[in-house]
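Right, one structure below, let's go through it.
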Amino acid sequence: MHTLLLLLLLLAAGAAGSFLVWRYRTVLIRHWREPVLRDPVVIIESDDWGPGPSEQAERLAAIGETLSRYQDASGRYPVMTVGLVLAVPDAAAIRHGDFAHYQRRTLADSRDAELLTTLRDGVRRGVLALQLHGLEHLWPPAFMKLARQDGAVRRWLESDDAATETLPPAVQSRWIDGSTLPSPPLSASAIQSAAREEVAAFARLFGGPPAVAVPPTFIWNAEVERAWAAAGVRFVVTPGRRNTRRNAQGQPDGVDRWIANGESGAGGVRYLVRDLYFEPTFGHQAESALAAIRERVRLGRPALLETHRFNFLGAAAVFASSRRELERLLAGLLREFPTVRFMSTEELGEAYRRGDAELFEQRWTVRMQVWLRRLGILGRLGLKT
Ligand SMILES: [Zn+2]
């Protein structure tokens, strides 16, 4: 080929490459900065436990017993985090007051004494780790506005069903006003006092503020992070992006930032990304969870598996089937990844915060390899994350 033509082609390729690097520089830098785990880290993250169904204590104790039959190389048990809802609407009291005022039933109620004992016991044995999901799985003023109308919330209150999972999805969001769509934001002062109140309620029950918070329905904003941080929360579990509202159709919307593990948010909170799912009642099996974990390991990322209490409540057969799938997952995990590390989300967050040299890869050649793998999957994610 003519030398001049070759030179021109190289220059054109170089210019196109430079343009791409410049265009996607934020994404490239984020994926480079995110630390690379040396060994697999797997955490089962469960949500929605709180006042309500009486079988919760017994089922959580059985899950704890299952977890304690597996150990990593250092002798640690797998940890299931428990995202706690500290209160539910007291339907009978609200009805009695003719829907004029919000009233709650908290986890301090004597009916939930056994659940509290099981939670504390699970923490002591190293199989459960408690996280704040919210004082409520809803925003009480929005909930009450709908309770006064003839609709799904009124029917929920009349049914004596304390399971907030059965409320309309928009009502289950705590950090927006879901009574109208698209959802308007809450005022900063309302957010601050609600965050202070829920952290104090958690501290009264468990002896200190929660280290980790999980925004209900994964809709929240920077103001919530700042308020949590001021009250003592250090880590926020995210799906890898921050949805700040619901749109006219009620769907999570208004993404104002993309998130990588270990990044800092408002008020100095640190983020963790939970983007895998293990909901056996939806048909998620151990094999598909293992395949997803394999991919996280390849990318030097932790595997945080989302699950909910509904997989473990209700009919004994449902529980038995979910528990069996959990056992198959843990057995398969230890077989395929003998170097897997079990820890709580708080411990993982602390490791990111201090840049733990034992947990994270320090050799830049390996980090470069993993970075290229991370960039390799960007195409199918639309180059946003
Ligand atoms: Zn939830």
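A note on labels: chains of the structure tokens are A, B, ... as shown, every chain counts residues from 1, and ligands are counted from 1 in their shown order.
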Env. residues ligand 1 / 10 Å / only C-alpha atoms and all ligand atoms / as a PyMOL selection string: chain A and resi 46-49+83-85+133-134+136-138+164-165+172-174+214-218+307-309
Expected file contents, prior selection, N, CA, C and O atoms, as a short mmCIF file (atom, residue, chain, number, x, y, z; two decimals), in the first residue's frame:
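The resulting file, out21.cif, is shown below:
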```
data_model
loop_
_atom_site.label_atom_id
_atom_site.label_comp_id
_atom_site.auth_asym_id
_atom_site.auth_seq_id
_atom_site.Cartn_x
_atom_site.Cartn_y
_atom_site.Cartn_z
N SER A 46 -31.94 -9.61 51.58
CA SER A 46 -33.39 -9.77 51.60
C SER A 46 -34.06 -8.51 52.17
O SER A 46 -33.47 -7.80 52.98
N ASP A 47 -35.26 -8.24 51.70
CA ASP A 47 -35.97 -7.02 52.09
C ASP A 47 -37.36 -7.30 52.63
O ASP A 47 -37.90 -8.39 52.42
N ASP A 48 -37.92 -6.28 53.26
CA ASP A 48 -39.34 -6.17 53.62
C ASP A 48 -39.75 -6.83 54.94
O ASP A 48 -40.94 -6.83 55.26
N TRP A 49 -38.80 -7.38 55.71
CA TRP A 49 -39.17 -7.98 57.00
C TRP A 49 -39.59 -6.87 57.97
O TRP A 49 -39.01 -5.79 57.98
N GLY A 83 -33.40 -6.44 55.27
CA GLY A 83 -33.85 -5.06 55.13
C GLY A 83 -35.12 -4.89 55.94
O GLY A 83 -36.15 -5.46 55.60
N LEU A 84 -35.01 -4.11 57.02
CA LEU A 84 -36.13 -4.02 57.96
C LEU A 84 -37.05 -2.83 57.72
O LEU A 84 -36.59 -1.71 57.53
N VAL A 85 -38.34 -3.12 57.75
CA VAL A 85 -39.36 -2.09 57.78
C VAL A 85 -39.78 -2.03 59.25
O VAL A 85 -40.21 -3.04 59.81
N HIS A 133 -34.54 -0.53 55.95
CA HIS A 133 -35.28 -0.40 54.69
C HIS A 133 -36.19 0.83 54.80
O HIS A 133 -36.46 1.48 53.81
N GLY A 134 -36.62 1.13 56.03
CA GLY A 134 -37.42 2.34 56.23
C GLY A 134 -38.24 2.24 57.49
O GLY A 134 -38.53 1.14 57.95
N GLU A 136 -41.25 3.13 57.47
CA GLU A 136 -42.35 2.48 56.77
C GLU A 136 -41.93 2.21 55.33
O GLU A 136 -41.03 2.87 54.81
N HIS A 137 -42.64 1.31 54.68
CA HIS A 137 -42.42 1.06 53.26
C HIS A 137 -43.37 1.95 52.46
O HIS A 137 -43.96 1.52 51.47
N LEU A 138 -43.53 3.18 52.92
CA LEU A 138 -44.45 4.12 52.28
C LEU A 138 -44.20 5.50 52.88
O LEU A 138 -43.46 5.64 53.86
N THR A 164 -47.33 -4.77 53.30
CA THR A 164 -47.25 -3.59 52.43
C THR A 164 -46.89 -3.99 50.99
O THR A 164 -47.04 -3.19 50.07
N GLU A 165 -46.46 -5.23 50.80
CA GLU A 165 -46.15 -5.71 49.44
C GLU A 165 -47.39 -5.68 48.55
O GLU A 165 -47.27 -5.67 47.32
N GLN A 172 -45.80 2.23 47.65
CA GLN A 172 -44.72 1.55 48.38
C GLN A 172 -43.42 2.35 48.39
O GLN A 172 -42.48 2.01 49.09
N SER A 173 -43.34 3.42 47.59
CA SER A 173 -42.14 4.26 47.59
C SER A 173 -42.20 5.21 48.78
O SER A 173 -43.23 5.83 49.03
N ARG A 174 -41.09 5.31 49.52
CA ARG A 174 -41.10 6.14 50.72
C ARG A 174 -40.64 7.57 50.46
O ARG A 174 -41.08 8.49 51.14
N VAL A 214 -31.36 0.76 52.60
CA VAL A 214 -31.83 0.28 51.29
C VAL A 214 -33.10 1.05 50.95
O VAL A 214 -34.15 0.82 51.56
N PRO A 215 -33.05 2.00 50.01
CA PRO A 215 -34.25 2.80 49.71
C PRO A 215 -35.39 1.92 49.18
O PRO A 215 -35.19 1.18 48.22
N PRO A 216 -36.58 2.01 49.80
CA PRO A 216 -37.72 1.23 49.31
C PRO A 216 -38.03 1.52 47.84
O PRO A 216 -38.05 2.68 47.44
N THR A 217 -38.23 0.50 47.07
CA THR A 217 -38.49 0.52 45.60
C THR A 217 -37.36 1.20 44.82
O THR A 217 -37.52 1.51 43.64
N PHE A 218 -36.23 1.44 45.49
CA PHE A 218 -35.06 2.07 44.86
C PHE A 218 -35.40 3.41 44.20
O PHE A 218 -35.01 3.69 43.08
N THR A 307 -33.46 -10.59 47.20
CA THR A 307 -34.58 -11.48 47.43
C THR A 307 -35.54 -10.76 48.38
O THR A 307 -35.21 -9.71 48.91
N HIS A 308 -36.74 -11.30 48.55
CA HIS A 308 -37.73 -10.65 49.42
C HIS A 308 -38.35 -11.67 50.36
O HIS A 308 -38.35 -12.86 50.05
N ARG A 309 -38.92 -11.16 51.43
CA ARG A 309 -39.49 -12.10 52.41
C ARG A 309 -40.62 -12.94 51.82
O ARG A 309 -40.89 -14.04 52.30
#
```
Which polymer residues have any atom within 9 Å of an atom of Glu114 of chain A, counting only C-alpha atoms, with same-chain residues fewer than 4 positions away left out, as a list of chain:residue names? A:Ser54, A:Gln56, A:Ala57, A:Glu58, A:Ser110, A:Thr118, A:Leu119
Deliver the residues from the most recent selection as a file, using N, CA and C atoms, as a short mmCIF file (atom, residue, chain, number, x, y, z; two decimals), in the first residue's frame.
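And here is the file that came out, out-v1.cif:
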```
data_model
loop_
_atom_site.label_atom_id
_atom_site.label_comp_id
_atom_site.auth_asym_id
_atom_site.auth_seq_id
_atom_site.Cartn_x
_atom_site.Cartn_y
_atom_site.Cartn_z
N SER A 54 -47.05 -13.66 61.26
CA SER A 54 -46.52 -14.23 62.49
C SER A 54 -45.49 -15.33 62.24
N GLN A 56 -42.88 -15.14 60.45
CA GLN A 56 -41.57 -14.61 60.08
C GLN A 56 -40.44 -15.08 60.99
N ALA A 57 -40.69 -15.09 62.31
CA ALA A 57 -39.63 -15.46 63.26
C ALA A 57 -39.16 -16.88 63.01
N GLU A 58 -40.13 -17.78 62.89
CA GLU A 58 -39.80 -19.20 62.69
C GLU A 58 -39.06 -19.41 61.36
N SER A 110 -45.52 -5.87 71.25
CA SER A 110 -45.27 -7.17 71.89
C SER A 110 -45.58 -8.34 70.95
N THR A 118 -35.34 -13.36 67.25
CA THR A 118 -34.73 -14.11 66.15
C THR A 118 -33.72 -13.25 65.39
N LEU A 119 -34.08 -12.00 65.16
CA LEU A 119 -33.18 -11.09 64.44
C LEU A 119 -31.88 -10.90 65.20
#
```
Interatomic distance between atom CA of Val153 of chain A and atom CA of Ala194 of chain A?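 Answer for the atom CA of Val153 of chain A to atom CA of Ala194 of chain A separation: 21.6 Å.
Ranking A:Phe206, A:Arg373, A:Leu378, A:Phe278 by their shortest atom-to-atom distance to Asp121 of chain A, with only C-alpha atoms included, puts A:Phe206 first.
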Counting only C-alpha atoms, which of A:Ser179, A:Gln131, A:Gln249, A:Thr166 gets nearest to Ala203 of chain A? A:Gln131
With only C-alpha atoms as the basis for distance, which of A:Leu9, A:Leu107, A:Ala190, A:Val340 is at the shortest distance from Val88 of chain A?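 Using only C-alpha atoms, Val88 of chain A sits closest to A:Leu107.
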With a distance cut-off of 9 Å and only C-alpha atoms, select the neighbouring residues of Arg104 of chain A, excluding the residue or stretch itself and same-chain residues fewer than 3 positions from it, and output the selection as a ChimeraX atom specification. /A:87-91,93-94,136
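Nearest residue to Glu65 of chain A among A:Leu326, A:Leu5, A:Ala147, A:Ile191 is A:Leu326, counting only C-alpha atoms.
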Restricting the calculation to only C-alpha atoms: of A:Gly14, A:Pro78, A:Gly332, A:Gly151, which residue gets closest to Val42 of chain A? A:Pro78
Among listed residues A:Gly300, A:Phe310, A:Ala188, A:Glu327, nearest Val366 of chain A (using only C-alpha atoms):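 Of A:Gly300, A:Phe310, A:Ala188, A:Glu327, the one nearest Val366 of chain A, counting only C-alpha atoms, is A:Gly300.
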Run DSSP on the backbone and tell me which residues of segment 15-263 of chain A come out as strand (DSSP E or B); list them as an MDAnalysis selection string. chainID A and resid 37 41:49 80:85 87:89 104:106 128:134 212:213 219 235:238 241:246 252:258
Measure the distance from atom CA of Arg270 of chain A to atom CA of Arg234 of chain A in Å and round it to one decimal.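 About the pair atom CA of Arg270 of chain A and atom CA of Arg234 of chain A: they are 6.4 Å apart.
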